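Trainee: Have a peek at coords_24.tsv (TSV, C-alpha atoms and all ligand atoms).
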chain	number	residue	atom	x	y	z
A	202	MET	CA	26.25	-9.12	3.60
A	203	TYR	CA	25.60	-7.56	6.95
A	204	GLY	CA	24.79	-9.88	9.86
A	205	MET	CA	21.31	-8.40	10.12
A	206	ILE	CA	20.45	-10.12	6.83
A	207	HIS	CA	21.61	-13.49	8.25
A	208	LYS	CA	19.73	-12.78	11.48
A	209	SER	CA	16.56	-12.00	9.56
A	210	LEU	CA	16.94	-15.26	7.57
A	211	GLN	CA	17.28	-17.09	10.88
A	212	ASP	CA	14.20	-15.37	12.34
A	213	MET	CA	12.10	-16.16	9.26
A	214	ILE	CA	13.07	-19.85	9.19
A	215	CYS	CA	12.45	-20.23	12.96
A	216	GLU	CA	9.08	-18.49	12.71
A	217	LYS	CA	7.79	-20.27	9.62
A	218	HIS	CA	9.41	-23.69	9.90
A	219	GLY	CA	10.42	-24.10	13.53
A	220	LYS	CA	13.66	-23.97	15.47
A	221	ALA	CA	14.66	-27.55	14.66
A	222	LYS	CA	14.64	-26.83	10.92
A	223	TRP	CA	16.74	-23.73	11.50
A	224	GLU	CA	19.30	-25.80	13.45
A	225	GLU	CA	19.48	-28.22	10.51
A	226	VAL	CA	19.94	-25.36	8.02
A	227	PHE	CA	22.51	-23.67	10.25
A	228	ILE	CA	24.63	-26.79	10.71
A	229	ASN	CA	24.52	-27.78	7.04
A	230	SER	CA	25.24	-24.25	5.80
A	231	LYS	CA	28.50	-24.34	7.80
A	232	ALA	CA	27.90	-20.75	8.91
A	233	ASP	CA	29.33	-20.18	12.38
A	234	ASP	CA	27.76	-18.50	15.41
A	235	GLU	CA	29.85	-15.41	14.75
A	236	ALA	CA	28.01	-14.62	11.51
A	237	PHE	CA	24.91	-13.18	13.16
A	238	LEU	CA	26.14	-9.90	14.61
A	239	SER	CA	23.78	-7.40	13.00
A	240	LEU	CA	26.33	-4.66	12.46
A	241	ASN	CA	29.19	-6.80	11.17
A	242	ASN	CA	29.91	-7.24	7.49
A	243	TYR	CA	30.54	-10.79	6.21
A	244	SER	CA	31.36	-12.50	2.94
A	245	ASP	CA	28.34	-12.94	0.65
A	246	ASN	CA	29.19	-16.67	0.59
A	247	ILE	CA	27.53	-17.04	4.00
A	248	ALA	CA	24.17	-15.64	2.80
A	249	TYR	CA	24.36	-17.74	-0.39
A	250	SER	CA	25.10	-20.83	1.67
A	251	ILE	CA	22.22	-20.23	4.13
A	252	ILE	CA	19.82	-19.61	1.22
A	253	SER	CA	20.82	-22.65	-0.84
A	254	THR	CA	20.88	-24.94	2.22
A	255	ALA	CA	17.46	-23.70	3.35
A	256	SER	CA	16.07	-24.21	-0.14
A	257	LYS	CA	17.23	-27.87	-0.07
A	258	ILE	CA	16.19	-28.67	3.48
A	259	LEU	CA	12.82	-26.90	3.31
A	260	ASN	CA	12.21	-28.13	-0.21
A	261	ILE	CA	11.39	-24.66	-1.53
A	262	PRO	CA	12.95	-23.42	-4.81
A	263	ALA	CA	15.65	-20.84	-4.00
A	264	GLU	CA	13.90	-18.11	-5.99
A	265	GLN	CA	10.64	-18.63	-4.10
A	266	PHE	CA	12.49	-18.73	-0.80
A	267	LEU	CA	14.23	-15.43	-1.58
A	268	LYS	CA	10.99	-13.80	-2.61
A	269	GLU	CA	9.38	-14.87	0.65
A	270	PHE	CA	12.43	-13.51	2.43
A	271	GLY	CA	11.91	-10.12	0.71
A	272	ILE	CA	8.34	-10.00	2.02
A	273	TYR	CA	9.49	-11.02	5.50
A	274	TRP	CA	12.30	-8.45	5.40
A	275	VAL	CA	9.83	-5.61	4.88
A	276	LEU	CA	6.92	-6.78	7.03
A	277	LYS	CA	8.91	-8.08	9.99
A	278	THR	CA	12.54	-6.94	10.08
A	279	ALA	CA	12.25	-3.46	8.56
A	280	LYS	CA	8.80	-2.76	10.01
A	281	THR	CA	9.97	-3.66	13.52
A	282	ASN	CA	13.35	-1.94	13.44
A	283	TYR	CA	13.24	0.73	10.75
A	284	SER	CA	9.66	1.95	10.34
A	285	ASN	CA	10.76	5.53	11.11
A	286	LEU	CA	13.25	5.34	8.28
A	287	ILE	CA	10.67	3.91	5.87
A	288	ASN	CA	8.13	6.57	6.78
A	289	GLN	CA	10.73	9.31	6.42
A	290	TYR	CA	11.51	8.29	2.82
A	291	GLY	CA	8.05	7.57	1.48
A	292	LYS	CA	4.36	7.52	2.23
A	293	ASN	CA	3.67	4.99	-0.52
A	294	SER	CA	5.65	2.34	-2.44
A	295	PHE	CA	6.42	4.46	-5.49
A	296	GLU	CA	7.78	7.27	-3.35
A	297	LEU	CA	9.88	4.96	-1.20
A	298	LEU	CA	11.27	3.07	-4.20
A	299	THR	CA	12.15	6.40	-5.82
A	300	ASN	CA	14.01	7.49	-2.66
A	301	ILE	CA	15.60	4.17	-1.78
A	302	ASN	CA	19.14	5.11	-2.88
A	303	SER	CA	19.06	8.15	-0.56
A	304	MET	CA	17.74	5.94	2.22
A	305	HIS	CA	20.45	3.30	1.76
A	306	GLU	CA	22.98	6.16	1.57
A	307	GLN	CA	21.79	7.68	4.83
A	308	ILE	CA	22.46	4.42	6.67
A	309	ALA	CA	25.88	3.95	5.05
A	310	SER	CA	27.36	5.63	8.13
A	311	VAL	CA	26.19	2.59	10.14
A	312	PHE	CA	26.70	-0.08	7.47
A	313	ILE	CA	30.31	0.67	6.51
A	314	ASN	CA	31.40	-0.71	3.12
A	315	TYR	CA	28.09	-2.28	2.40
A	316	ALA	CA	26.84	-2.88	-1.10
A	317	PRO	CA	23.14	-2.18	-1.49
A	318	PRO	CA	21.74	-2.19	-5.03
A	319	ILE	CA	21.33	0.98	-7.11
A	320	ILE	CA	17.71	1.60	-8.02
A	321	GLU	CA	16.70	4.03	-10.76
A	322	THR	CA	13.03	4.83	-11.17
A	323	LYS	CA	10.93	6.62	-13.74
A	324	ARG	CA	7.33	7.63	-13.16
A	325	ILE	CA	5.60	7.04	-16.49
A	326	ASP	CA	2.20	8.22	-15.25
A	327	PRO	CA	0.59	8.43	-11.79
A	328	SER	CA	-0.05	4.69	-11.72
A	329	THR	CA	3.04	3.34	-13.52
A	330	LEU	CA	6.60	3.08	-12.23
A	331	HIS	CA	9.57	1.73	-14.19
A	332	ILE	CA	12.44	0.45	-12.08
A	333	LEU	CA	15.97	-0.41	-13.08
A	334	TYR	CA	17.64	-2.47	-10.37
A	335	ARG	CA	21.41	-2.91	-10.48
A	336	SER	CA	23.10	-5.21	-8.02
A	337	THR	CA	26.69	-6.30	-7.56
A	338	ARG	CA	25.30	-9.72	-6.64
A	339	LYS	CA	23.86	-12.47	-8.78
A	340	GLY	CA	20.52	-13.97	-7.87
A	341	PHE	CA	18.92	-11.29	-5.70
A	342	THR	CA	16.19	-10.19	-8.12
A	343	PRO	CA	13.61	-12.43	-6.36
A	344	PHE	CA	14.49	-10.71	-3.06
A	345	MET	CA	13.66	-7.40	-4.74
A	346	LEU	CA	10.35	-8.86	-6.00
A	347	GLY	CA	9.47	-9.87	-2.46
A	348	ILE	CA	10.40	-6.42	-1.12
A	349	ILE	CA	8.09	-4.81	-3.70
A	350	GLU	CA	5.25	-7.14	-2.66
A	351	GLY	CA	5.94	-6.48	1.00
A	352	LEU	CA	5.89	-2.72	0.48
A	353	ALA	CA	2.47	-2.93	-1.19
A	354	VAL	CA	1.18	-4.71	1.92
A	355	TYR	CA	2.99	-2.28	4.23
A	356	PHE	CA	1.36	0.73	2.52
A	357	ASP	CA	-1.93	-1.09	1.90
A	358	GLU	CA	-1.81	-0.68	-1.87
A	359	ASN	CA	-2.82	-2.83	-4.80
A	360	ILE	CA	0.28	-3.05	-6.96
A	361	VAL	CA	0.83	-5.47	-9.82
A	362	ILE	CA	4.31	-6.30	-11.07
A	363	GLU	CA	3.59	-6.38	-14.79
A	364	TYR	CA	6.99	-7.02	-16.22
A	365	VAL	CA	10.31	-8.40	-15.02
A	366	ARG	CA	13.38	-8.86	-17.17
A	367	ARG	CA	16.68	-9.89	-15.67
A	368	HIS	CA	20.13	-9.64	-17.28
A	369	GLU	CA	23.29	-11.05	-15.81
A	370	THR	CA	26.20	-8.63	-15.94
A	371	SER	CA	29.90	-9.34	-15.43
A	372	ASP	CA	29.67	-8.40	-11.75
A	373	GLY	CA	26.04	-8.97	-10.82
A	374	GLU	CA	22.65	-8.46	-12.37
A	375	THR	CA	20.40	-5.75	-13.75
A	376	THR	CA	16.64	-6.13	-13.77
A	377	THR	CA	13.85	-4.01	-15.21
A	378	PHE	CA	10.49	-4.01	-13.43
A	379	ILE	CA	7.25	-2.33	-14.43
A	380	LEU	CA	4.83	-1.69	-11.56
A	381	ARG	CA	1.21	-0.69	-11.98
A	382	LYS	CA	-0.91	0.70	-9.17
A	383	ARG	CA	-4.61	-0.21	-9.35
B	401	LIG	C1	14.10	0.14	5.75
B	401	LIG	C2	15.15	-0.50	6.12
B	401	LIG	C3	16.24	-1.05	5.25
B	401	LIG	C4	17.48	-1.30	5.71
B	401	LIG	C5	17.99	-1.10	7.14
B	401	LIG	C6	18.26	-1.84	4.60
B	401	LIG	C7	19.56	-2.26	4.70
B	401	LIG	C8	20.15	-3.12	3.83
B	401	LIG	C9	21.32	-3.91	4.08
B	401	LIG	C10	22.14	-3.87	5.38
B	401	LIG	C11	21.56	-4.66	3.00
B	401	LIG	C12	22.71	-5.65	2.80
B	401	LIG	C13	23.76	-5.10	1.90
B	401	LIG	C14	25.14	-5.57	2.33
B	401	LIG	O1	25.31	-6.12	3.43
B	401	LIG	O2	26.11	-5.34	1.56
B	401	LIG	C15	20.52	-4.37	2.05
B	401	LIG	C16	20.40	-4.99	0.83
B	401	LIG	C17	19.34	-4.77	-0.03
B	401	LIG	N1	18.41	-3.77	0.07
B	401	LIG	FE1	18.05	-2.60	1.67
B	401	LIG	N2	17.49	-1.87	3.47
B	401	LIG	C18	16.23	-1.41	3.82
B	401	LIG	C19	15.17	-1.29	3.00
B	401	LIG	C20	15.17	-1.62	1.67
B	401	LIG	C21	14.07	-1.36	0.78
B	401	LIG	C22	12.74	-0.67	1.14
B	401	LIG	C23	14.45	-1.82	-0.43
B	401	LIG	C24	13.62	-1.71	-1.68
B	401	LIG	C25	14.06	-1.43	-2.83
B	401	LIG	C26	15.78	-2.41	-0.30
B	401	LIG	C27	16.49	-3.09	-1.28
B	401	LIG	C28	17.55	-3.91	-1.01
B	401	LIG	C29	17.97	-5.04	-1.83
B	401	LIG	C30	17.29	-5.53	-3.10
B	401	LIG	C31	19.11	-5.59	-1.20
B	401	LIG	C32	19.88	-6.88	-1.59
B	401	LIG	C33	21.24	-6.69	-2.05
B	401	LIG	C34	21.37	-6.62	-3.54
B	401	LIG	O3	20.34	-6.57	-4.26
B	401	LIG	O4	22.54	-6.60	-4.03
B	401	LIG	N3	16.18	-2.23	0.99
B	401	LIG	N4	19.69	-3.41	2.56
Give the structure from this file in C-alpha cells form.

Mentor:
Amino acid sequence: MYGMIHKSLQDMICEKHGKAKWEEVFINSKADDEAFLSLNNYSDNIAYSIISTASKILNIPAEQFLKEFGIYWVLKTAKTNYSNLINQYGKNSFELLTNINSMHEQIASVFINYAPPIIETKRIDPSTLHILYRSTRKGFTPFMLGIIEGLAVYFDENIVIEYVRRHETSDGETTTFILRKR
C-alpha cells in the first residue's frame, strides 16, 4: 500500500485517540519511520500490521476500525487533498462510484504499480446501484463500506447500504453491494 494510506491511518488515530495511543500502535506494529512517505509503495503487511495492532490497542474490532478509516479517508484525507479529483469524476455518490476505475487509473501515473480495487457498477433504477467490488487484498470490504458512507456525507445524500455479500477468492475478495438512495 502507498505511504499515504499509512499516513492517513496515523492522522486518524492521532486525531481520534491522541498522539500517545498512536505512538503505542506505531511501536507495537513494528512499522518503521520510513513507511510514511506518501508517494512510496510498501508491502501490504505494514498496513495489515498497523490495522491489527490498532484494533487490539484501541479495543475496536478490526472491521469497525477499517470502516471508520474508510469514512475518515473520504472526509479528511481525500476531501483535503483530492477534492478536485472527486468533483471531476462525480457530482454524487452513484456517479463517482461508477467512474472510480477511471479515477484510480488517472492517478496511476503518480501511484506506480499500485493495486486499487476494480469496481463494476450497474444502475438498476435512478435510486438503486449494484456494485461489484474486486480486490487483490483480503479484508478490505469494511474499508469500502466506510468509503460509501463517507461519500454519502460528502455529497449530502441519504444512502442506505441494503445488501452486502462478501466472497473470498484465491487472491483477494469480491463483494456485492446494493445501494439505495432515499
Ligand atoms: C479521491 C481520492 C482517492 C485517491 C487519491 C485514492 C488512491 C488510492 C490509493 C493510493 C490506494 C492504495 C492502493 C495501493 O497502494 O496499492 C487506494 C485504495 C483503495 N481505493 Fe482509492 N483513492 C481515492 C478515492 C477512492 C474512492 C472514492 C473509492 C471508492 C470506491 C476508493 C476505493 C478504494 C479502495 C476500496 C481501496 C483499498 C484497496 C483494496 O480494496 O484493495 N478510492 N486508493

Trainee: Between A:Ile349, A:Tyr334, A:Asn260, A:Ser253, which one has atoms that come closest to Glu369 in chain A, using all atoms listed in the file?

Mentor: A:Tyr334

Trainee: Given the point (2.8, -1.9, -2.1) in the file's coordinates, find the residues that have an atom at most 10 Å from it, counting only C-alpha atoms, and give them as number ranges by chain.

Mentor: A: 293-295, 297, 348-361, 380, 382

Trainee: For Ile251 in chain A, list every protein, DNA or RNA residue within 9 Å, evaluated using only C-alpha atoms, and leave out those in the same chain fewer than 4 positions away; present the list as a ChimeraX atom specification.

Mentor: /A:207,210-211,226-227,229-232,246-247,255-256

Trainee: Give me, as a short mmCIF file (atom, residue, chain, number, x, y, z; two decimals) with C-alpha atoms, keeping the file's coordinate frame, the set of residues whose atoms come within 6 Å of any atom of ligand LIG 401 (chain B), counting all atoms listed in the file.

Mentor:
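The file below, pocket04.cif, is the result:
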data_model
loop_
_atom_site.label_atom_id
_atom_site.label_comp_id
_atom_site.auth_asym_id
_atom_site.auth_seq_id
_atom_site.Cartn_x
_atom_site.Cartn_y
_atom_site.Cartn_z
CA MET A 202 26.25 -9.12 3.60
CA TYR A 203 25.60 -7.56 6.95
CA ALA A 279 12.25 -3.46 8.56
CA TYR A 283 13.24 0.73 10.75
CA LEU A 286 13.25 5.34 8.28
CA ILE A 287 10.67 3.91 5.87
CA LEU A 298 11.27 3.07 -4.20
CA ILE A 301 15.60 4.17 -1.78
CA TYR A 315 28.09 -2.28 2.40
CA ALA A 316 26.84 -2.88 -1.10
CA PRO A 317 23.14 -2.18 -1.49
CA PRO A 318 21.74 -2.19 -5.03
CA SER A 336 23.10 -5.21 -8.02
CA THR A 337 26.69 -6.30 -7.56
CA ARG A 338 25.30 -9.72 -6.64
CA PHE A 341 18.92 -11.29 -5.70
CA PHE A 344 14.49 -10.71 -3.06
CA MET A 345 13.66 -7.40 -4.74
CA ILE A 348 10.40 -6.42 -1.12
#

Trainee: Enter the distance from CA of Leu240 in chain A to CA of Ser284 in chain A, in Å, rounded to one decimal.

Mentor: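 A separation of 18.1 Å between them.
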
Trainee: Could you check how far CA of Gly347 in chain A sits from CA of Phe270 in chain A, in Å to one decimal?

Mentor: 6.8 Å

Trainee: Calculated over all atoms listed in the file, which of the candidates A:Gly340, A:Gly291, A:Gly219, A:Gly373 has the smallest distance to Ile252 in chain A?

Mentor: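 Comparing A:Gly340, A:Gly291, A:Gly219, A:Gly373 against Ile252 in chain A, the winner is A:Gly340.
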
Trainee: Specify the axis-aligned box that encloses all atoms of range 262-280 of chain A listed in the file after padding of 4 Å on each side, stating its centre and edge lengths in Å to one decimal as AutoDock Vina command-line options.

Mentor:
--center_x 11.3 --center_y -13.1 --center_z 2.0 --size_x 16.7 --size_y 28.7 --size_z 24.1

Trainee: Ranking A:Asn314, A:Thr281, A:Thr322, A:Asn288 by minimum distance to Arg335 in chain A and counting all atoms listed in the file, which one comes first?

Mentor: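 Looking only at the distances to Arg335 in chain A, the closest residue turns out to be A:Thr322.
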
Trainee: Since fewer atoms than expected are present, regenerate N, CA and C atoms for range 212-230 of chain A and write them as a PDB file, in the coordinates of the input.

Mentor:
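And here's out39.pdb as it stands now:
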ATOM      1  N   ASP A 212      15.504 -15.648  11.718  1.00  0.00           N
ATOM      2  CA  ASP A 212      14.200 -15.370  12.340  1.00  0.00           C
ATOM      3  C   ASP A 212      13.064 -15.914  11.470  1.00  0.00           C
ATOM      4  N   MET A 213      13.186 -15.703  10.144  1.00  0.00           N
ATOM      5  CA  MET A 213      12.100 -16.160   9.260  1.00  0.00           C
ATOM      6  C   MET A 213      11.979 -17.689   9.304  1.00  0.00           C
ATOM      7  N   ILE A 214      13.119 -18.378   9.222  1.00  0.00           N
ATOM      8  CA  ILE A 214      13.070 -19.850   9.190  1.00  0.00           C
ATOM      9  C   ILE A 214      12.519 -20.379  10.525  1.00  0.00           C
ATOM     10  N   CYS A 215      12.970 -19.792  11.638  1.00  0.00           N
ATOM     11  CA  CYS A 215      12.450 -20.230  12.960  1.00  0.00           C
ATOM     12  C   CYS A 215      10.941 -20.005  13.029  1.00  0.00           C
ATOM     13  N   GLU A 216      10.498 -18.832  12.603  1.00  0.00           N
ATOM     14  CA  GLU A 216       9.080 -18.490  12.710  1.00  0.00           C
ATOM     15  C   GLU A 216       8.204 -19.362  11.823  1.00  0.00           C
ATOM     16  N   LYS A 217       8.653 -19.557  10.573  1.00  0.00           N
ATOM     17  CA  LYS A 217       7.790 -20.270   9.620  1.00  0.00           C
ATOM     18  C   LYS A 217       7.952 -21.776   9.653  1.00  0.00           C
ATOM     19  N   HIS A 218       9.148 -22.246  10.021  1.00  0.00           N
ATOM     20  CA  HIS A 218       9.410 -23.690   9.900  1.00  0.00           C
ATOM     21  C   HIS A 218       9.845 -24.345  11.205  1.00  0.00           C
ATOM     22  N   GLY A 219      10.058 -23.547  12.231  1.00  0.00           N
ATOM     23  CA  GLY A 219      10.420 -24.100  13.530  1.00  0.00           C
ATOM     24  C   GLY A 219      11.925 -24.088  13.776  1.00  0.00           C
ATOM     25  N   LYS A 220      12.268 -24.107  15.058  1.00  0.00           N
ATOM     26  CA  LYS A 220      13.660 -23.970  15.470  1.00  0.00           C
ATOM     27  C   LYS A 220      14.522 -25.161  15.020  1.00  0.00           C
ATOM     28  N   ALA A 221      13.904 -26.346  15.011  1.00  0.00           N
ATOM     29  CA  ALA A 221      14.660 -27.550  14.660  1.00  0.00           C
ATOM     30  C   ALA A 221      15.134 -27.473  13.206  1.00  0.00           C
ATOM     31  N   LYS A 222      14.259 -26.976  12.335  1.00  0.00           N
ATOM     32  CA  LYS A 222      14.640 -26.830  10.920  1.00  0.00           C
ATOM     33  C   LYS A 222      15.774 -25.824  10.792  1.00  0.00           C
ATOM     34  N   TRP A 223      15.654 -24.729  11.563  1.00  0.00           N
ATOM     35  CA  TRP A 223      16.740 -23.730  11.500  1.00  0.00           C
ATOM     36  C   TRP A 223      18.064 -24.353  11.909  1.00  0.00           C
ATOM     37  N   GLU A 224      18.058 -25.161  12.988  1.00  0.00           N
ATOM     38  CA  GLU A 224      19.300 -25.800  13.450  1.00  0.00           C
ATOM     39  C   GLU A 224      19.903 -26.643  12.324  1.00  0.00           C
ATOM     40  N   GLU A 225      19.025 -27.356  11.613  1.00  0.00           N
ATOM     41  CA  GLU A 225      19.480 -28.220  10.510  1.00  0.00           C
ATOM     42  C   GLU A 225      20.112 -27.352   9.397  1.00  0.00           C
ATOM     43  N   VAL A 226      19.416 -26.263   9.060  1.00  0.00           N
ATOM     44  CA  VAL A 226      19.940 -25.360   8.020  1.00  0.00           C
ATOM     45  C   VAL A 226      21.280 -24.787   8.481  1.00  0.00           C
ATOM     46  N   PHE A 227      21.311 -24.317   9.714  1.00  0.00           N
ATOM     47  CA  PHE A 227      22.510 -23.670  10.250  1.00  0.00           C
ATOM     48  C   PHE A 227      23.712 -24.611  10.203  1.00  0.00           C
ATOM     49  N   ILE A 228      23.513 -25.840  10.674  1.00  0.00           N
ATOM     50  CA  ILE A 228      24.630 -26.790  10.710  1.00  0.00           C
ATOM     51  C   ILE A 228      25.099 -27.137   9.297  1.00  0.00           C
ATOM     52  N   ASN A 229      24.147 -27.395   8.411  1.00  0.00           N
ATOM     53  CA  ASN A 229      24.520 -27.780   7.040  1.00  0.00           C
ATOM     54  C   ASN A 229      25.088 -26.636   6.223  1.00  0.00           C
ATOM     55  N   SER A 230      24.721 -25.400   6.568  1.00  0.00           N
ATOM     56  CA  SER A 230      25.240 -24.250   5.800  1.00  0.00           C
ATOM     57  C   SER A 230      26.690 -23.957   6.175  1.00  0.00           C
TER      58      SER A 230
END
